[in-house]
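J.: Right, I'll just put the structure down here and ask away after.
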Amino acid sequence: MTPVRITELVVGGFRNLQGVRLTPDARANVLLGANGQGKTSILEAIDYAASLRSFRGATRAQLVGHEADAAQVLLRVEGAGLSHEYRVKLTRTTRDILLDGKRPERAVEYFGGAACVVFQPGDLELVLGGPDVRRRLLDRILVRVVDGYGEALKSYAKALRARNMLLRERHPDLRAVQAYDFPLARFGAAVVRARESVVGELVRAAQAALGEIMKSSEIISVAYRAKAPGDQVAYAAMLASAVHNDLARRTTQIGPHADDLTLTWSGRPARVVASQGQTRSLALALRLAELHVIEGRTKTTPALLLDDVSSELDRGRIERLFAMVTRLGAQVWVTTTDPAIASLLPRAKRFEVTDGKVAPAPPSSLSP
Ligand SMILES: Nc1ncnc2c1ncn2[C@@H]1O[C@H](COP(=O)(O)OP(=O)(O)OP(=O)(O)O)[C@@H](O)[C@H]1O
Ligand SMILES: [Mg+2]
């Protein structure tokens, strides 16, 4: 397994960050600082450069610093002996990306080598939130492990938008609506097949992580129940037979945009029965499963970005989590307000984040 190692990070004009330039440790990095200084923004900048999405769901306009014209992130990443430079420039309305100084022709080139997995307080939504959050988890994994998935998803969304627009017209033209059945069935079936292919692995990995971190033997189960089949012909037939329903509801009702990944905890819906601590552990287990699946399929271990773990997990779980990432060899980034958490990773490089700036911090006093 080759770990993804971020070897250089330069950020400016992104949220409150200015003139950030840091050379991280190959294994462990801790960002320390009081509330509101820019710790999460650093992880967000890293993950944005790697995935072109904000894990806080922010738009470009929200990411560009209030006082800045543009946000820029440079990420140098090493894996399998190769070094790549990812560069993103955002203005409030535009985005430019460069991989090794060149505009990538296909998104998949860009997404190749800089996989990150993020665990952050908002991840409780994986358990408590709506199906879209869990679909995003699947999609985040699949764009990295299934060639063409990102394109299929995009083409599906485009056809779906067009079809739904027609369905919302006052007098929808049935033939015009059905002209979209072919692309919907083609790309939708591909999305369904890819999702179905990964769920089994995801569950097993989440279960294992839960056992290791939580010392819990509770049985969780995760099921992806696609309303439309993964076979294109059967999918098209289902769309055809449902069209009158779609006309009545004025929207396309079946397809991967409407599917859920259901989570159960010892046989009951997790959202309803899991305690707060269990909810957090389950969310973390899903993120570790994301890491595991990407690692298994791509033979590279994503970098793990852990935002504010001390607000999410008790000390025992944090210790077991850190032991696990050390064993995996993943590069880990931890943000915290609490120096005691930093001392649980005694060999980590420490950085102090203050008012959007980052400076090296002295090593933990507990380090050997
Ligand atoms: N577009 C923006 N331009 C400038 N500042 C911003 C922008 N968006 C957010 N901020 C500010 O950036 C600061 C840093 O936010 P961030 O979430 O990174 O802090 P943090 O160090 O993670 O804090 P906490 O410990 O509370 O989680 C906050 O004061 C926030 O209000
Ligand atoms: Mg934060």
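Chain labels follow the order of the structure tokens: the first chain is A, the next B, and so on; residue numbering restarts at 1 in every chain, and ligands are counted from 1 in their shown order.
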Give as a VMD selection string the residues surrounding ligand 1 up to a distance of 10 Å, considering only C-alpha atoms and all ligand atoms.
T.: chain A and resid 13 to 18 31 to 45 56 58 to 68 71 92 120 to 121 307 to 308 311 335 to 338 353 to 356
J.: For Gly267 in chain A, find every residue with an atom within 8 Å (counting only C-alpha atoms), except residues of its own chain fewer than 5 positions away, and show them as a VMD selection string.
T.: chain A and resid 219 to 221
J.: Which residue out of A:Arg280, A:His171, A:Val309, A:Leu99 has the minimum interatomic distance to ligand 2 when only C-alpha atoms and all ligand atoms are used?
T.: A:Val309
J.: Using only C-alpha atoms, pick whichever of A:Val203, A:Asp25, A:Leu263, A:Asp314 has the shortest atom-to-atom distance to Leu128 in chain A.
T.: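 Comparing A:Val203, A:Asp25, A:Leu263, A:Asp314 against Leu128 in chain A, the winner is A:Leu263.
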J.: Taking the backbone alone, and naming residues the way the document does, which bits of range 1-165 of chain A are alpha helix (DSSP H) by DSSP, as a PyMOL selection string?
T.: chain A and resi 39-51+60-63+107-111+125-128+131-145+149-165
J.: With distances taken over only C-alpha atoms and all ligand atoms, which of A:Val332, A:Pro24, A:Ser310, A:Leu321 is nearest to ligand 2?
T.: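 Closest candidate: A:Ser310.
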J.: DSSP on the backbone, strand (DSSP E) only: what residues of range 16-228 of chain A does that give? Format it as a PyMOL selection string.
T.: chain A and resi 20-22+28-32+71-79+82-90+95-99+116-119+220-225
J.: Print the selection's residues with C-alpha atoms to a file, as a PDB file, in the first residue's frame.
T.:
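What follows is the written file result_16.pdb:
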```pdb
ATOM      1  CA  VAL A  20      -0.108  29.750   4.954  1.00  0.00           C
ATOM      2  CA  ARG A  21       2.903  27.730   3.889  1.00  0.00           C
ATOM      3  CA  LEU A  22       3.722  24.532   5.660  1.00  0.00           C
ATOM      4  CA  ALA A  28       1.248  12.924  11.753  1.00  0.00           C
ATOM      5  CA  ASN A  29       0.372  16.597  11.985  1.00  0.00           C
ATOM      6  CA  VAL A  30      -1.510  18.473  14.647  1.00  0.00           C
ATOM      7  CA  LEU A  31      -3.056  21.898  14.154  1.00  0.00           C
ATOM      8  CA  LEU A  32      -3.555  23.589  17.492  1.00  0.00           C
ATOM      9  CA  ALA A  71      -8.513  31.818  -2.956  1.00  0.00           C
ATOM     10  CA  GLN A  72      -5.507  29.730  -3.915  1.00  0.00           C
ATOM     11  CA  VAL A  73      -4.462  26.333  -2.672  1.00  0.00           C
ATOM     12  CA  LEU A  74      -1.361  24.437  -3.676  1.00  0.00           C
ATOM     13  CA  LEU A  75      -1.006  20.861  -2.560  1.00  0.00           C
ATOM     14  CA  ARG A  76       2.073  18.797  -3.263  1.00  0.00           C
ATOM     15  CA  VAL A  77       1.399  15.118  -2.831  1.00  0.00           C
ATOM     16  CA  GLU A  78       3.721  12.171  -2.930  1.00  0.00           C
ATOM     17  CA  GLY A  79       2.701   8.594  -3.518  1.00  0.00           C
ATOM     18  CA  LEU A  82       5.801  10.234  -7.777  1.00  0.00           C
ATOM     19  CA  SER A  83       5.169  13.782  -6.749  1.00  0.00           C
ATOM     20  CA  HIS A  84       2.198  15.751  -8.059  1.00  0.00           C
ATOM     21  CA  GLU A  85       1.196  19.329  -7.639  1.00  0.00           C
ATOM     22  CA  TYR A  86      -2.487  20.198  -7.345  1.00  0.00           C
ATOM     23  CA  ARG A  87      -3.319  23.833  -7.709  1.00  0.00           C
ATOM     24  CA  VAL A  88      -6.759  25.411  -7.375  1.00  0.00           C
ATOM     25  CA  LYS A  89      -7.672  29.034  -7.820  1.00  0.00           C
ATOM     26  CA  LEU A  90     -11.160  30.156  -6.903  1.00  0.00           C
ATOM     27  CA  ARG A  95     -12.554  27.874 -10.626  1.00  0.00           C
ATOM     28  CA  ASP A  96      -9.261  27.019 -12.282  1.00  0.00           C
ATOM     29  CA  ILE A  97      -7.474  23.774 -11.619  1.00  0.00           C
ATOM     30  CA  LEU A  98      -3.988  22.719 -12.608  1.00  0.00           C
ATOM     31  CA  LEU A  99      -2.355  19.355 -12.171  1.00  0.00           C
ATOM     32  CA  CYS A 116      -8.305  12.315   1.516  1.00  0.00           C
ATOM     33  CA  VAL A 117     -10.844  11.045   3.988  1.00  0.00           C
ATOM     34  CA  VAL A 118     -12.297  13.618   6.361  1.00  0.00           C
ATOM     35  CA  PHE A 119     -13.998  13.019   9.707  1.00  0.00           C
ATOM     36  CA  ILE A 220     -24.630  -2.696  12.382  1.00  0.00           C
ATOM     37  CA  SER A 221     -25.967  -3.206   8.981  1.00  0.00           C
ATOM     38  CA  VAL A 222     -25.925  -0.985   6.007  1.00  0.00           C
ATOM     39  CA  ALA A 223     -28.065  -1.689   3.002  1.00  0.00           C
ATOM     40  CA  TYR A 224     -28.310   0.063  -0.310  1.00  0.00           C
ATOM     41  CA  ARG A 225     -31.740  -0.535  -1.744  1.00  0.00           C
TER      42      ARG A 225
END
```
J.: With only C-alpha atoms as the basis for distance, which of A:Asp47, A:Val243, A:Arg193, A:Leu284 is at the shortest distance from Glu312 in chain A?
T.: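 So, comparing all the options, the nearest one is A:Leu284.
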J.: Pick out the closest residue to ligand 2 from this set: A:Asn164, A:Tyr149, A:Pro269, A:Gly122. Count only C-alpha atoms and all ligand atoms.
T.: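 That would be A:Gly122, the residue with the smallest distance to ligand 2.
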J.: Which residues are near range 129-133 of chain A? Cut-off 8 Å, only C-alpha atoms, ignore same chain within fewer than 4 positions. Put them as a compact mmCIF listing (two decimals) with N, CA and C atoms, in the first residue's frame.
T.:
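Once everything was written out, this is around.txt:
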```
# COMPACT_ATOMS: atom_id res chain seq x y z
N LEU A 124 -22.04 13.60 11.89
CA LEU A 124 -23.18 12.98 12.59
C LEU A 124 -24.36 12.87 11.64
N GLU A 125 -24.39 13.76 10.67
CA GLU A 125 -25.45 13.74 9.67
C GLU A 125 -25.47 12.44 8.85
N LEU A 137 -21.57 10.06 0.51
CA LEU A 137 -20.50 9.18 1.00
C LEU A 137 -20.17 8.15 -0.08
N ALA A 258 -32.80 9.06 -5.79
CA ALA A 258 -33.81 8.93 -4.73
C ALA A 258 -33.51 7.76 -3.80
N ASP A 259 -32.33 7.13 -3.97
CA ASP A 259 -32.03 5.94 -3.15
C ASP A 259 -31.41 6.32 -1.81
N ASP A 260 -31.49 5.39 -0.89
CA ASP A 260 -30.88 5.63 0.43
C ASP A 260 -29.98 4.45 0.78
N LEU A 261 -29.04 4.76 1.64
CA LEU A 261 -28.18 3.75 2.24
C LEU A 261 -28.71 3.68 3.66
```
